[in-house]
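The file my_file_9.txt comes next; it holds compact mmCIF, C-alpha atoms and all ligand atoms.
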# COMPACT_ATOMS: atom_id res chain seq x y z
CA MET M 1 44.77 133.44 -105.09
CA GLY M 2 44.46 129.75 -104.30
CA PHE M 3 41.34 129.77 -102.10
CA PRO M 4 39.47 126.46 -102.09
CA VAL M 5 36.58 126.24 -104.53
CA VAL M 6 34.99 123.42 -102.58
CA ARG M 7 34.64 123.76 -98.79
CA ASN M 8 33.74 120.36 -97.30
CA ARG M 9 34.17 121.73 -93.79
CA ARG M 10 30.91 123.75 -94.17
CA LEU M 11 28.84 120.68 -93.31
CA ARG M 12 30.94 119.95 -90.21
CA THR M 13 30.52 123.23 -88.38
CA SER M 14 28.05 122.10 -85.69
CA SER M 15 26.94 118.93 -84.04
CA ALA M 16 23.40 119.38 -85.41
CA LEU M 17 24.69 119.77 -88.95
CA ARG M 18 26.92 116.73 -88.57
CA ASN M 19 23.95 114.73 -87.26
CA LEU M 20 21.90 115.88 -90.24
CA VAL M 21 24.35 114.65 -92.86
CA ARG M 22 25.48 111.45 -91.11
CA GLU M 23 25.32 108.49 -93.50
CA THR M 24 25.56 105.53 -91.14
CA MET M 25 23.85 104.96 -87.81
CA LEU M 26 24.33 102.33 -85.12
CA SER M 27 21.45 101.06 -83.03
CA ALA M 28 20.96 98.30 -80.48
CA HIS M 29 18.61 96.74 -83.05
CA ASP M 30 21.63 95.99 -85.22
CA PHE M 31 23.21 93.67 -82.68
CA ILE M 32 23.09 89.97 -81.96
CA TYR M 33 24.67 89.02 -78.62
CA PRO M 34 26.43 85.61 -78.36
CA ILE M 35 25.91 83.59 -75.16
CA PHE M 36 27.73 80.45 -74.01
CA VAL M 37 25.42 78.09 -72.14
CA THR M 38 26.69 75.20 -70.09
CA GLU M 39 25.52 72.26 -67.94
CA GLY M 40 25.41 72.29 -64.18
CA THR M 41 24.13 74.85 -61.70
CA GLY M 42 25.57 77.98 -60.18
CA VAL M 43 27.96 78.57 -63.10
CA LYS M 44 28.85 82.11 -64.12
CA GLU M 45 32.44 81.66 -65.13
CA GLU M 46 34.42 84.30 -66.95
CA ILE M 47 36.26 83.13 -70.07
CA ARG M 48 39.96 83.74 -69.48
CA SER M 49 40.74 85.25 -72.87
CA MET M 50 37.43 87.16 -73.13
CA PRO M 51 37.02 89.39 -70.05
CA GLY M 52 33.35 90.25 -69.53
CA VAL M 53 32.10 87.13 -71.38
CA TYR M 54 30.88 84.16 -69.33
CA HIS M 55 29.79 80.56 -69.35
CA TRP M 56 26.26 80.48 -67.95
CA SER M 57 24.35 77.62 -66.41
CA LEU M 58 20.64 77.89 -67.04
CA ASP M 59 19.66 78.54 -63.42
CA LEU M 60 21.58 81.84 -63.45
CA LEU M 61 20.64 82.98 -66.94
CA GLU M 62 17.25 84.59 -66.45
CA ASP M 63 18.44 87.96 -65.08
CA GLU M 64 21.06 88.18 -67.81
CA ILE M 65 18.40 87.62 -70.48
CA LYS M 66 16.19 90.31 -68.97
CA GLU M 67 19.11 92.71 -68.89
CA ILE M 68 19.95 92.05 -72.56
CA ALA M 69 16.35 92.62 -73.62
CA GLY M 70 16.16 95.73 -71.41
CA LEU M 71 19.03 97.25 -73.37
CA GLY M 72 17.03 97.00 -76.59
CA ILE M 73 19.00 94.06 -77.98
CA GLN M 74 16.57 91.89 -79.92
CA ALA M 75 18.52 88.71 -80.57
CA VAL M 76 20.96 86.33 -78.89
CA LEU M 77 23.12 83.66 -80.53
CA LEU M 78 23.46 80.48 -78.47
CA PHE M 79 26.58 78.35 -78.22
CA GLY M 80 26.44 75.14 -76.22
CA VAL M 81 29.30 73.94 -74.04
CA PRO M 82 28.26 70.35 -73.24
CA ASP M 83 29.82 68.12 -70.60
CA HIS M 84 29.77 65.09 -72.84
CA LYS M 85 31.35 64.74 -76.27
CA ASP M 86 31.52 61.81 -78.69
CA GLU M 87 32.66 60.99 -82.24
CA VAL M 88 29.37 62.07 -83.84
CA GLY M 89 28.43 64.99 -81.62
CA SER M 90 25.20 63.41 -80.32
CA GLU M 91 24.73 66.15 -77.73
CA ALA M 92 24.20 68.66 -80.55
CA TYR M 93 20.87 67.14 -81.62
CA GLY M 94 19.53 65.56 -78.43
CA ASN M 95 16.21 66.90 -77.27
CA HIS M 96 17.60 67.59 -73.81
CA SER M 97 20.84 69.09 -75.04
CA ILE M 98 22.02 72.32 -73.58
CA VAL M 99 21.20 74.65 -76.49
CA GLN M 100 17.72 73.19 -76.88
CA ARG M 101 17.03 73.53 -73.15
CA ALA M 102 18.40 77.07 -73.06
CA THR M 103 16.20 77.98 -76.03
CA ARG M 104 13.05 76.73 -74.30
CA LYS M 105 13.91 78.67 -71.17
CA ILE M 106 14.70 81.91 -72.99
CA LYS M 107 11.48 81.75 -75.00
CA GLU M 108 9.62 81.25 -71.72
CA TRP M 109 11.35 84.18 -69.94
CA GLN M 110 11.43 86.61 -72.85
CA PRO M 111 9.23 85.41 -75.72
CA ASP M 112 10.00 88.37 -78.00
CA LEU M 113 13.79 87.98 -77.78
CA LEU M 114 14.94 86.20 -80.93
CA VAL M 115 16.95 83.06 -80.33
CA VAL M 116 19.50 82.32 -83.03
CA ALA M 117 20.93 78.80 -82.82
CA ASP M 118 24.45 78.17 -84.07
CA THR M 119 24.21 74.89 -85.96
CA CYS M 120 27.55 73.11 -85.81
CA LEU M 121 29.05 70.00 -84.27
CA CYS M 122 32.53 71.15 -83.21
CA GLN M 123 31.67 71.85 -79.57
CA PHE M 124 30.04 68.42 -79.35
CA THR M 125 32.54 66.14 -81.10
CA SER M 126 35.43 64.51 -79.23
CA HIS M 127 37.80 65.37 -82.11
CA GLY M 128 36.59 69.01 -82.27
CA HIS M 129 35.81 69.03 -85.99
CA CYS M 130 32.58 70.44 -87.41
CA GLY M 131 31.31 67.11 -88.76
CA VAL M 132 31.89 63.37 -88.92
CA VAL M 133 35.53 62.40 -89.43
CA ARG M 134 36.42 59.60 -91.85
CA ARG M 135 39.86 58.12 -92.35
CA ASP M 136 40.74 57.34 -95.96
CA GLU M 137 41.83 53.70 -96.06
CA LEU M 138 44.36 54.21 -98.85
CA THR M 139 46.11 57.38 -97.70
CA GLY M 140 45.36 57.08 -93.97
CA ARG M 141 44.37 60.74 -94.02
CA ALA M 142 41.45 61.82 -91.86
CA ASP M 143 39.00 64.50 -92.97
CA VAL M 144 35.42 65.59 -92.41
CA ASP M 145 32.94 63.58 -94.48
CA ASN M 146 30.72 66.19 -96.08
CA ASP M 147 27.53 64.29 -96.83
CA ALA M 148 27.51 62.17 -93.69
CA SER M 149 27.88 65.38 -91.67
CA LEU M 150 24.92 66.99 -93.44
CA GLU M 151 22.52 64.41 -92.00
CA LEU M 152 23.61 65.24 -88.45
CA LEU M 153 23.46 68.97 -89.08
CA VAL M 154 19.89 68.64 -90.35
CA LYS M 155 18.96 66.72 -87.18
CA THR M 156 20.59 69.45 -85.11
CA ALA M 157 18.77 72.27 -86.91
CA VAL M 158 15.39 70.54 -86.66
CA SER M 159 15.81 69.87 -82.94
CA GLN M 160 16.79 73.52 -82.42
CA ALA M 161 13.67 74.66 -84.29
CA GLU M 162 11.55 72.23 -82.26
CA ALA M 163 12.93 73.85 -79.10
CA GLY M 164 11.74 77.23 -80.38
CA ALA M 165 14.79 78.74 -82.10
CA ASP M 166 13.69 81.67 -84.26
CA ILE M 167 16.65 81.57 -86.64
CA ILE M 168 18.94 78.69 -87.63
CA ALA M 169 22.55 79.71 -88.23
CA PRO M 170 24.65 76.90 -89.70
CA SER M 171 28.37 77.62 -89.25
CA ASN M 172 29.96 74.34 -90.30
CA MET M 173 30.88 75.18 -93.93
CA MET M 174 29.90 71.81 -95.41
CA ASP M 175 28.90 71.95 -99.09
CA GLY M 176 25.13 71.91 -99.48
CA PHE M 177 24.41 72.69 -95.82
CA VAL M 178 21.86 75.39 -96.55
CA GLN M 179 19.92 73.20 -98.97
CA ALA M 180 19.98 70.21 -96.63
CA ILE M 181 18.92 72.24 -93.59
CA ARG M 182 16.23 74.13 -95.53
CA GLY M 183 14.80 70.82 -96.73
CA GLY M 184 14.94 69.30 -93.26
CA LEU M 185 13.23 72.30 -91.66
CA ASP M 186 10.52 72.34 -94.34
CA ASP M 187 9.84 68.61 -93.97
CA ALA M 188 9.47 69.03 -90.22
CA GLY M 189 6.96 71.89 -90.61
CA PHE M 190 9.41 74.73 -89.94
CA GLU M 191 9.17 76.35 -93.37
CA HIS M 192 8.75 79.74 -91.64
CA VAL M 193 12.09 79.53 -89.77
CA PRO M 194 14.82 81.51 -91.57
CA VAL M 195 18.35 80.29 -92.23
CA MET M 196 21.16 82.74 -91.49
CA SER M 197 24.07 81.11 -93.27
CA TYR M 198 27.67 81.58 -92.21
CA SER M 199 28.24 81.82 -95.96
CA VAL M 200 31.73 83.18 -96.09
CA LYS M 201 33.63 81.84 -93.14
CA TYR M 202 37.38 82.01 -93.31
CA ALA M 203 39.83 79.61 -91.65
CA SER M 204 40.92 82.32 -89.26
CA ALA M 205 43.23 82.73 -86.28
CA PHE M 206 40.68 85.23 -84.96
CA TYR M 207 38.57 82.36 -83.55
CA GLY M 208 41.25 81.46 -80.97
CA PRO M 209 39.55 82.82 -77.83
CA PHE M 210 36.20 81.34 -78.92
CA ARG M 211 37.75 77.89 -79.11
CA ASP M 212 39.02 78.36 -75.55
CA ALA M 213 35.54 79.38 -74.55
CA ALA M 214 33.68 76.64 -76.40
CA HIS M 215 36.32 73.93 -75.87
CA SER M 216 36.19 73.30 -79.61
CA THR M 217 39.81 73.30 -80.75
CA PRO M 218 40.34 70.49 -83.30
CA GLN M 219 42.30 67.63 -81.71
CA PHE M 220 44.20 67.02 -84.96
CA GLY M 221 44.69 69.04 -88.13
CA ASP M 222 42.79 72.27 -88.70
CA ARG M 223 39.65 73.49 -90.47
CA ARG M 224 41.25 74.45 -93.77
CA THR M 225 39.55 71.68 -95.76
CA TYR M 226 36.17 73.27 -95.06
CA GLN M 227 36.66 76.91 -94.03
CA MET M 228 37.88 79.40 -96.64
CA ASP M 229 41.41 80.53 -97.40
CA PRO M 230 41.89 84.11 -96.09
CA ALA M 231 43.63 84.95 -99.36
CA ASN M 232 40.49 84.52 -101.47
CA LEU M 233 37.89 87.12 -102.42
CA ARG M 234 36.30 85.79 -105.62
CA GLU M 235 35.67 82.47 -103.91
CA ALA M 236 33.51 84.39 -101.41
CA LEU M 237 31.15 85.15 -104.31
CA ARG M 238 30.84 81.45 -105.11
CA GLU M 239 30.14 80.55 -101.48
CA ALA M 240 27.50 83.28 -101.16
CA GLU M 241 25.92 82.49 -104.50
CA SER M 242 25.48 78.81 -103.71
CA ASP M 243 23.84 79.74 -100.39
CA VAL M 244 21.45 82.12 -102.15
CA LEU M 245 20.50 79.40 -104.65
CA GLU M 246 20.03 76.92 -101.81
CA GLY M 247 17.54 79.19 -100.06
CA ALA M 248 19.50 81.15 -97.43
CA ASP M 249 17.57 84.08 -95.97
CA MET M 250 20.62 85.99 -94.69
CA LEU M 251 24.30 85.88 -95.54
CA MET M 252 27.21 86.24 -93.16
CA VAL M 253 30.85 87.22 -93.43
CA LYS M 254 33.18 86.07 -90.68
CA PRO M 255 35.49 87.42 -89.26
CA ALA M 256 34.65 91.08 -89.84
CA LEU M 257 37.56 93.42 -89.25
CA ALA M 258 40.16 91.93 -91.56
CA TYR M 259 37.42 91.20 -94.13
CA LEU M 260 35.61 94.51 -94.67
CA ASP M 261 36.29 94.24 -98.40
CA VAL M 262 34.38 90.96 -98.45
CA ILE M 263 31.43 92.59 -96.66
CA ARG M 264 31.44 95.41 -99.21
CA LEU M 265 31.59 92.99 -102.13
CA LEU M 266 28.69 90.87 -100.88
CA LYS M 267 26.64 93.99 -100.20
CA GLU M 268 27.09 95.06 -103.81
CA GLN M 269 26.41 91.64 -105.31
CA PHE M 270 23.48 90.29 -103.27
CA ASP M 271 20.34 91.80 -101.87
CA LEU M 272 19.85 89.54 -98.85
CA PRO M 273 20.40 91.01 -95.37
CA LEU M 274 24.09 90.84 -94.58
CA VAL M 275 25.54 89.87 -91.22
CA ALA M 276 29.08 90.62 -90.00
CA TYR M 277 30.53 88.52 -87.18
CA ASN M 278 32.81 90.63 -84.97
CA VAL M 279 34.60 87.50 -83.68
CA SER M 280 36.27 86.57 -80.43
CA ALA M 281 39.84 87.77 -81.07
CA GLU M 282 38.51 91.09 -82.38
CA TYR M 283 36.89 91.42 -78.96
CA SER M 284 39.89 90.19 -76.96
CA MET M 285 42.37 92.52 -78.68
CA VAL M 286 40.35 95.61 -77.81
CA LYS M 287 39.60 94.37 -74.28
CA ALA M 288 43.24 93.60 -73.55
CA ALA M 289 44.39 97.02 -74.68
CA ALA M 290 41.53 98.73 -72.84
CA LEU M 291 42.40 96.93 -69.60
CA GLN M 292 45.94 98.29 -69.95
CA GLY M 293 44.51 101.77 -70.34
CA TRP M 294 46.02 102.03 -73.80
CA LEU M 295 42.90 103.12 -75.64
CA ASP M 296 39.44 104.56 -75.18
CA GLU M 297 37.40 101.39 -75.33
CA ARG M 298 34.04 103.05 -75.90
CA ALA M 299 35.27 105.19 -78.79
CA ILE M 300 37.20 102.31 -80.37
CA VAL M 301 34.30 99.87 -80.16
CA LEU M 302 31.69 102.27 -81.54
CA GLU M 303 34.01 103.30 -84.38
CA THR M 304 34.75 99.67 -85.21
CA LEU M 305 31.09 98.66 -85.26
CA LEU M 306 30.23 101.72 -87.31
CA GLY M 307 32.94 100.73 -89.79
CA MET M 308 31.35 97.32 -90.24
CA LYS M 309 27.98 98.92 -90.97
CA ARG M 310 29.56 101.45 -93.33
CA ALA M 311 31.22 98.55 -95.17
CA GLY M 312 27.76 97.09 -95.74
CA ALA M 313 26.71 95.00 -92.74
CA ASP M 314 23.04 95.25 -91.80
CA ILE M 315 23.45 93.19 -88.65
CA ILE M 316 26.48 92.67 -86.37
CA ILE M 317 27.08 89.71 -84.10
CA THR M 318 29.26 91.08 -81.33
CA TYR M 319 30.39 90.32 -77.78
CA PHE M 320 30.31 94.11 -77.31
CA ALA M 321 26.54 94.25 -77.88
CA LYS M 322 25.61 95.02 -74.27
CA ASP M 323 28.33 97.64 -73.81
CA ALA M 324 27.59 99.26 -77.14
CA ALA M 325 23.84 99.34 -76.47
CA ARG M 326 24.55 101.08 -73.16
CA TRP M 327 26.93 103.58 -74.73
CA LEU M 328 24.43 104.38 -77.47
CA GLN M 329 21.78 105.06 -74.81
CA ASP M 330 24.15 107.46 -72.99
CA ARG M 331 24.83 109.51 -76.10
C1 LIG M 401 31.64 76.93 -84.74
C2 LIG M 401 31.93 78.38 -84.59
C3 LIG M 401 33.17 79.04 -84.39
C4 LIG M 401 32.87 80.38 -84.19
C5 LIG M 401 31.50 80.52 -84.31
N1 LIG M 401 30.93 79.27 -84.58
C6 LIG M 401 34.54 78.51 -84.26
C7 LIG M 401 35.22 77.87 -85.39
O1 LIG M 401 34.74 77.75 -86.50
O2 LIG M 401 36.33 77.42 -85.11
C8 LIG M 401 33.85 81.46 -83.88
C9 LIG M 401 33.29 82.67 -83.21
C10 LIG M 401 34.28 83.59 -82.62
O3 LIG M 401 35.51 83.47 -82.78
O4 LIG M 401 33.82 84.53 -81.96
N2 LIG M 401 32.01 76.36 -85.93

Take the structure in the file and write it out as structure tokens.
Amino acid sequence: MGFPVVRNRRLRTSSALRNLVRETMLSAHDFIYPIFVTEGTGVKEEIRSMPGVYHWSLDLLEDEIKEIAGLGIQAVLLFGVPDHKDEVGSEAYGNHSIVQRATRKIKEWQPDLLVVADTCLCQFTSHGHCGVVRRDELTGRADVDNDASLELLVKTAVSQAEAGADIIAPSNMMDGFVQAIRGGLDDAGFEHVPVMSYSVKYASAFYGPFRDAAHSTPQFGDRRTYQMDPANLREALREAESDVLEGADMLMVKPALAYLDVIRLLKEQFDLPLVAYNVSAEYSMVKAAALQGWLDERAIVLETLLGMKRAGADIIITYFAKDAARWLQDR
């Protein structure tokens, strides 16, 4: 008689029993919702490759912020889409720049909503790279100058903190960016403001729709001299370790879906809170298929986000945050 000795189905026999033994839970508190803020007035413009995601001018943003907070989402991540760009990304660190102004407004409208500021220059530079570009006189090759870029990133982070940002999230992948920004924040009296480092950020095709949205596609070359090679896992440990030593308060893996092994590895190796960035193309792929009626969007999204948490993410940055928060309320 070959009857099973172990019967795993016993714990699946009712919804209550399944709820009792569930290992991973999603909540609106897990989410950070990205928002694109832009100059001008009367702008609520849908991003072509990201249905349901918009560019917002500040005069229309208040209701949206209230709605986000009303859904139980506790944090937004701000991306600026400026109307003026130059070689050194001056609009990133100006006091009246779009992200800084949006931050002040949001903290006025909804003081308890956490504002996370993405600290990078690529939306603000005319060449679309994440730092200052230098041309090597001998080879003629142009690349981002690491240390010169750090100074501008520190200025950007400090001006974001001055505007009231609760968390600084540097995404530029320069060496030493966490240390430089930590030092700059401390010197300016912002020693209490945490740094959420985009520690392990791969040079990924999954940022395509974001670059449409943020107008930040590099005008020449690509980001492979500063973002990581998708083939590498052990290197992720080195990137995360240097950020820990430099004083990061949270670590991030980006993108998420094709990199769940990296999330798992960091979870096992480090004890800082771990963030997964469910990036733009991960959103667009699901949206496109859902709009065709090819899949059950709600089920797919919740399963995907759950998978990221199960892999080890404590926090998920996702364009689905509002939808997911609503679906979780309905359940
Ligand atoms: C800026 C930045 C990017 C993203 C977040 N911050 C783009 C990039 O590095 O090219 C991508 C986010 C997304 O795809 O959703 N450096």

* Surrounding residues as a PyMOL selection string, ligand LIG 401 (chain M), max 6 Å, only C-alpha atoms and all ligand atoms -> chain M and resi 120+122+171-172+206-207+210+279-280

Produce a file of the selected residues containing C-alpha atoms, as an mmCIF file, keeping the file's coordinate frame.
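Output file result.cif is given in full below:
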data_model
loop_
_atom_site.group_PDB
_atom_site.id
_atom_site.type_symbol
_atom_site.label_atom_id
_atom_site.label_comp_id
_atom_site.auth_asym_id
_atom_site.auth_seq_id
_atom_site.Cartn_x
_atom_site.Cartn_y
_atom_site.Cartn_z
ATOM 1 C CA CYS M 120 27.550 73.110 -85.810
ATOM 2 C CA CYS M 122 32.530 71.150 -83.210
ATOM 3 C CA SER M 171 28.370 77.620 -89.250
ATOM 4 C CA ASN M 172 29.960 74.340 -90.300
ATOM 5 C CA PHE M 206 40.680 85.230 -84.960
ATOM 6 C CA TYR M 207 38.570 82.360 -83.550
ATOM 7 C CA PHE M 210 36.200 81.340 -78.920
ATOM 8 C CA VAL M 279 34.600 87.500 -83.680
ATOM 9 C CA SER M 280 36.270 86.570 -80.430
#

* Structure fact -> A straight line from atom CA of Gly312 of chain M to atom CA of Leu266 of chain M spans 8.1 Å

* Which is closer to Ala213 of chain M than all the others in M:Asp83, M:Glu39, M:Glu45, M:Glu23, using only C-alpha atoms? ->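 Among the listed residues, M:Glu45 lies closest to Ala213 of chain M.
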
* Asked: Which residues come within 8 Å of segment 301-303 of chain M, counting only C-alpha atoms, excluding same-chain residues fewer than 2 positions away, as a VMD selection string?
  -> chain M and resid 286 297 to 299 305 to 307 320 324

Closest pair table for segment 302-321 of chain M residues within 12 Å of segment 51-63 of chain M, all atoms listed in the file, as CSV:
residue,atom,partner,partner_atom,distance
M:Thr318,CA,M:Val53,CA,11.1
M:Tyr319,CA,M:Val53,CA,7.4
M:Phe320,CA,M:Gly52,CA,9.2
M:Ala321,CA,M:Val53,CA,11.1

* Excluding segment 233-245 of chain M and residues on its chain fewer than 3 positions from it, collect all residues at most 10 Å away from it, counting all atoms listed in the file, and give them as a PyMOL selection string. => chain M and resi 173+175-179+195-202+228-230+248-253+259+261-263+265-266+269-272

Saved selection, atoms kept: C-alpha atoms, as a short mmCIF file (atom, residue, chain, number, x, y, z; two decimals), in the frame of the given file:
data_model
loop_
_atom_site.label_atom_id
_atom_site.label_comp_id
_atom_site.auth_asym_id
_atom_site.auth_seq_id
_atom_site.Cartn_x
_atom_site.Cartn_y
_atom_site.Cartn_z
CA MET M 173 30.88 75.18 -93.93
CA ASP M 175 28.90 71.95 -99.09
CA GLY M 176 25.13 71.91 -99.48
CA PHE M 177 24.41 72.69 -95.82
CA VAL M 178 21.86 75.39 -96.55
CA GLN M 179 19.92 73.20 -98.97
CA VAL M 195 18.35 80.29 -92.23
CA MET M 196 21.16 82.74 -91.49
CA SER M 197 24.07 81.11 -93.27
CA TYR M 198 27.67 81.58 -92.21
CA SER M 199 28.24 81.82 -95.96
CA VAL M 200 31.73 83.18 -96.09
CA LYS M 201 33.63 81.84 -93.14
CA TYR M 202 37.38 82.01 -93.31
CA MET M 228 37.88 79.40 -96.64
CA ASP M 229 41.41 80.53 -97.40
CA PRO M 230 41.89 84.11 -96.09
CA ALA M 248 19.50 81.15 -97.43
CA ASP M 249 17.57 84.08 -95.97
CA MET M 250 20.62 85.99 -94.69
CA LEU M 251 24.30 85.88 -95.54
CA MET M 252 27.21 86.24 -93.16
CA VAL M 253 30.85 87.22 -93.43
CA TYR M 259 37.42 91.20 -94.13
CA ASP M 261 36.29 94.24 -98.40
CA VAL M 262 34.38 90.96 -98.45
CA ILE M 263 31.43 92.59 -96.66
CA LEU M 265 31.59 92.99 -102.13
CA LEU M 266 28.69 90.87 -100.88
CA GLN M 269 26.41 91.64 -105.31
CA PHE M 270 23.48 90.29 -103.27
CA ASP M 271 20.34 91.80 -101.87
CA LEU M 272 19.85 89.54 -98.85
#

* To do: Using only C-alpha atoms, pick whichever of M:Ser126, M:Ile316, M:Leu185, M:Val132 has the shortest atom-to-atom distance to Ala75 of chain M.
  =>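 Once distances to Ala75 of chain M are computed over only C-alpha atoms, the minimum belongs to M:Ile316.
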
* State, in Å with one decimal place, the distance from atom CA of Arg134 of chain M to atom CA of Ile98 of chain M. =>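 A separation of 26.5 Å between them.
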
* Asked: With all atoms listed in the file as the basis for distance, which of M:Lys267, M:His96, M:Lys155, M:Lys322 is at the shortest distance from Lys309 of chain M?
  ->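 Of the candidates, the smallest distance to Lys309 of chain M is held by M:Lys267.
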
* How far is it from atom CA of Glu67 of chain M to atom CA of Arg48 of chain M, in Å with one decimal? ->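 Atom CA of Arg48 of chain M lies at a distance of 22.7 Å from atom CA of Glu67 of chain M.
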
* With all atoms listed in the file counted, which protein, DNA or RNA residues have an atom no more than 10 Å from (38.1, 81.9, -81.0) in the file frame? Please answer as number ranges by chain. => M: 49-50, 204-217, 279-284

* To do: Please write as number ranges by chain the list of polymer residues whose atoms come within 10 Å of (16.6, 98.7, -71.6), counting only C-alpha atoms and keeping to the coordinates of the file.
  => M: 28, 66-73, 325-326, 329

* To do: Would you kindly return, as number ranges by chain, each protein, DNA or RNA residue with an atom no farther than 10 Å from any atom of Phe220 of chain M, considering all atoms listed in the file and excluding same-chain residues fewer than 2 positions away?
  => M: 127-129, 142-143, 217-218, 222-223

* Structure fact -> Restricting to only C-alpha atoms, whichever of M:Ile317, M:Leu257, M:Ile106, M:Ala290 is closest to Pro34 of chain M is M:Ile317

* Asked: Neighbours of Ala163 of chain M within 12 Å (all atoms listed in the file; same-chain residues fewer than 2 positions away dropped), as number ranges by chain?
  -> M: 93-108, 115-117, 156-161, 165-168, 190

Some atoms are missing, so please complete segment 23-35 of chain M with N, CA and C atoms and return it as a tab-separated table (two decimals), keeping the file's coordinate frame.
chain	number	residue	atom	x	y	z
M	23	GLU	N	25.76	109.52	-92.55
M	23	GLU	CA	25.32	108.49	-93.50
M	23	GLU	C	25.02	107.14	-92.86
M	24	THR	N	25.69	106.86	-91.74
M	24	THR	CA	25.56	105.53	-91.14
M	24	THR	C	25.21	105.68	-89.66
M	25	MET	N	24.29	104.87	-89.20
M	25	MET	CA	23.85	104.96	-87.81
M	25	MET	C	23.93	103.58	-87.16
M	26	LEU	N	24.34	103.58	-85.89
M	26	LEU	CA	24.33	102.33	-85.12
M	26	LEU	C	23.14	102.34	-84.18
M	27	SER	N	22.55	101.17	-83.99
M	27	SER	CA	21.45	101.06	-83.03
M	27	SER	C	21.52	99.68	-82.37
M	28	ALA	N	20.96	99.59	-81.17
M	28	ALA	CA	20.96	98.30	-80.48
M	28	ALA	C	20.22	97.24	-81.31
M	29	HIS	N	19.33	97.69	-82.19
M	29	HIS	CA	18.61	96.74	-83.05
M	29	HIS	C	19.52	96.05	-84.06
M	30	ASP	N	20.70	96.60	-84.25
M	30	ASP	CA	21.63	95.99	-85.22
M	30	ASP	C	22.34	94.77	-84.65
M	31	PHE	N	22.31	94.62	-83.32
M	31	PHE	CA	23.21	93.67	-82.68
M	31	PHE	C	22.58	92.32	-82.38
M	32	ILE	N	23.43	91.30	-82.48
M	32	ILE	CA	23.09	89.97	-81.96
M	32	ILE	C	24.17	89.65	-80.92
M	33	TYR	N	23.73	89.25	-79.72
M	33	TYR	CA	24.67	89.02	-78.62
M	33	TYR	C	24.90	87.52	-78.41
M	34	PRO	N	26.15	87.04	-78.56
M	34	PRO	CA	26.43	85.61	-78.36
M	34	PRO	C	26.45	85.24	-76.87
M	35	ILE	N	25.91	84.08	-76.55
M	35	ILE	CA	25.91	83.59	-75.16
M	35	ILE	C	26.37	82.13	-75.14
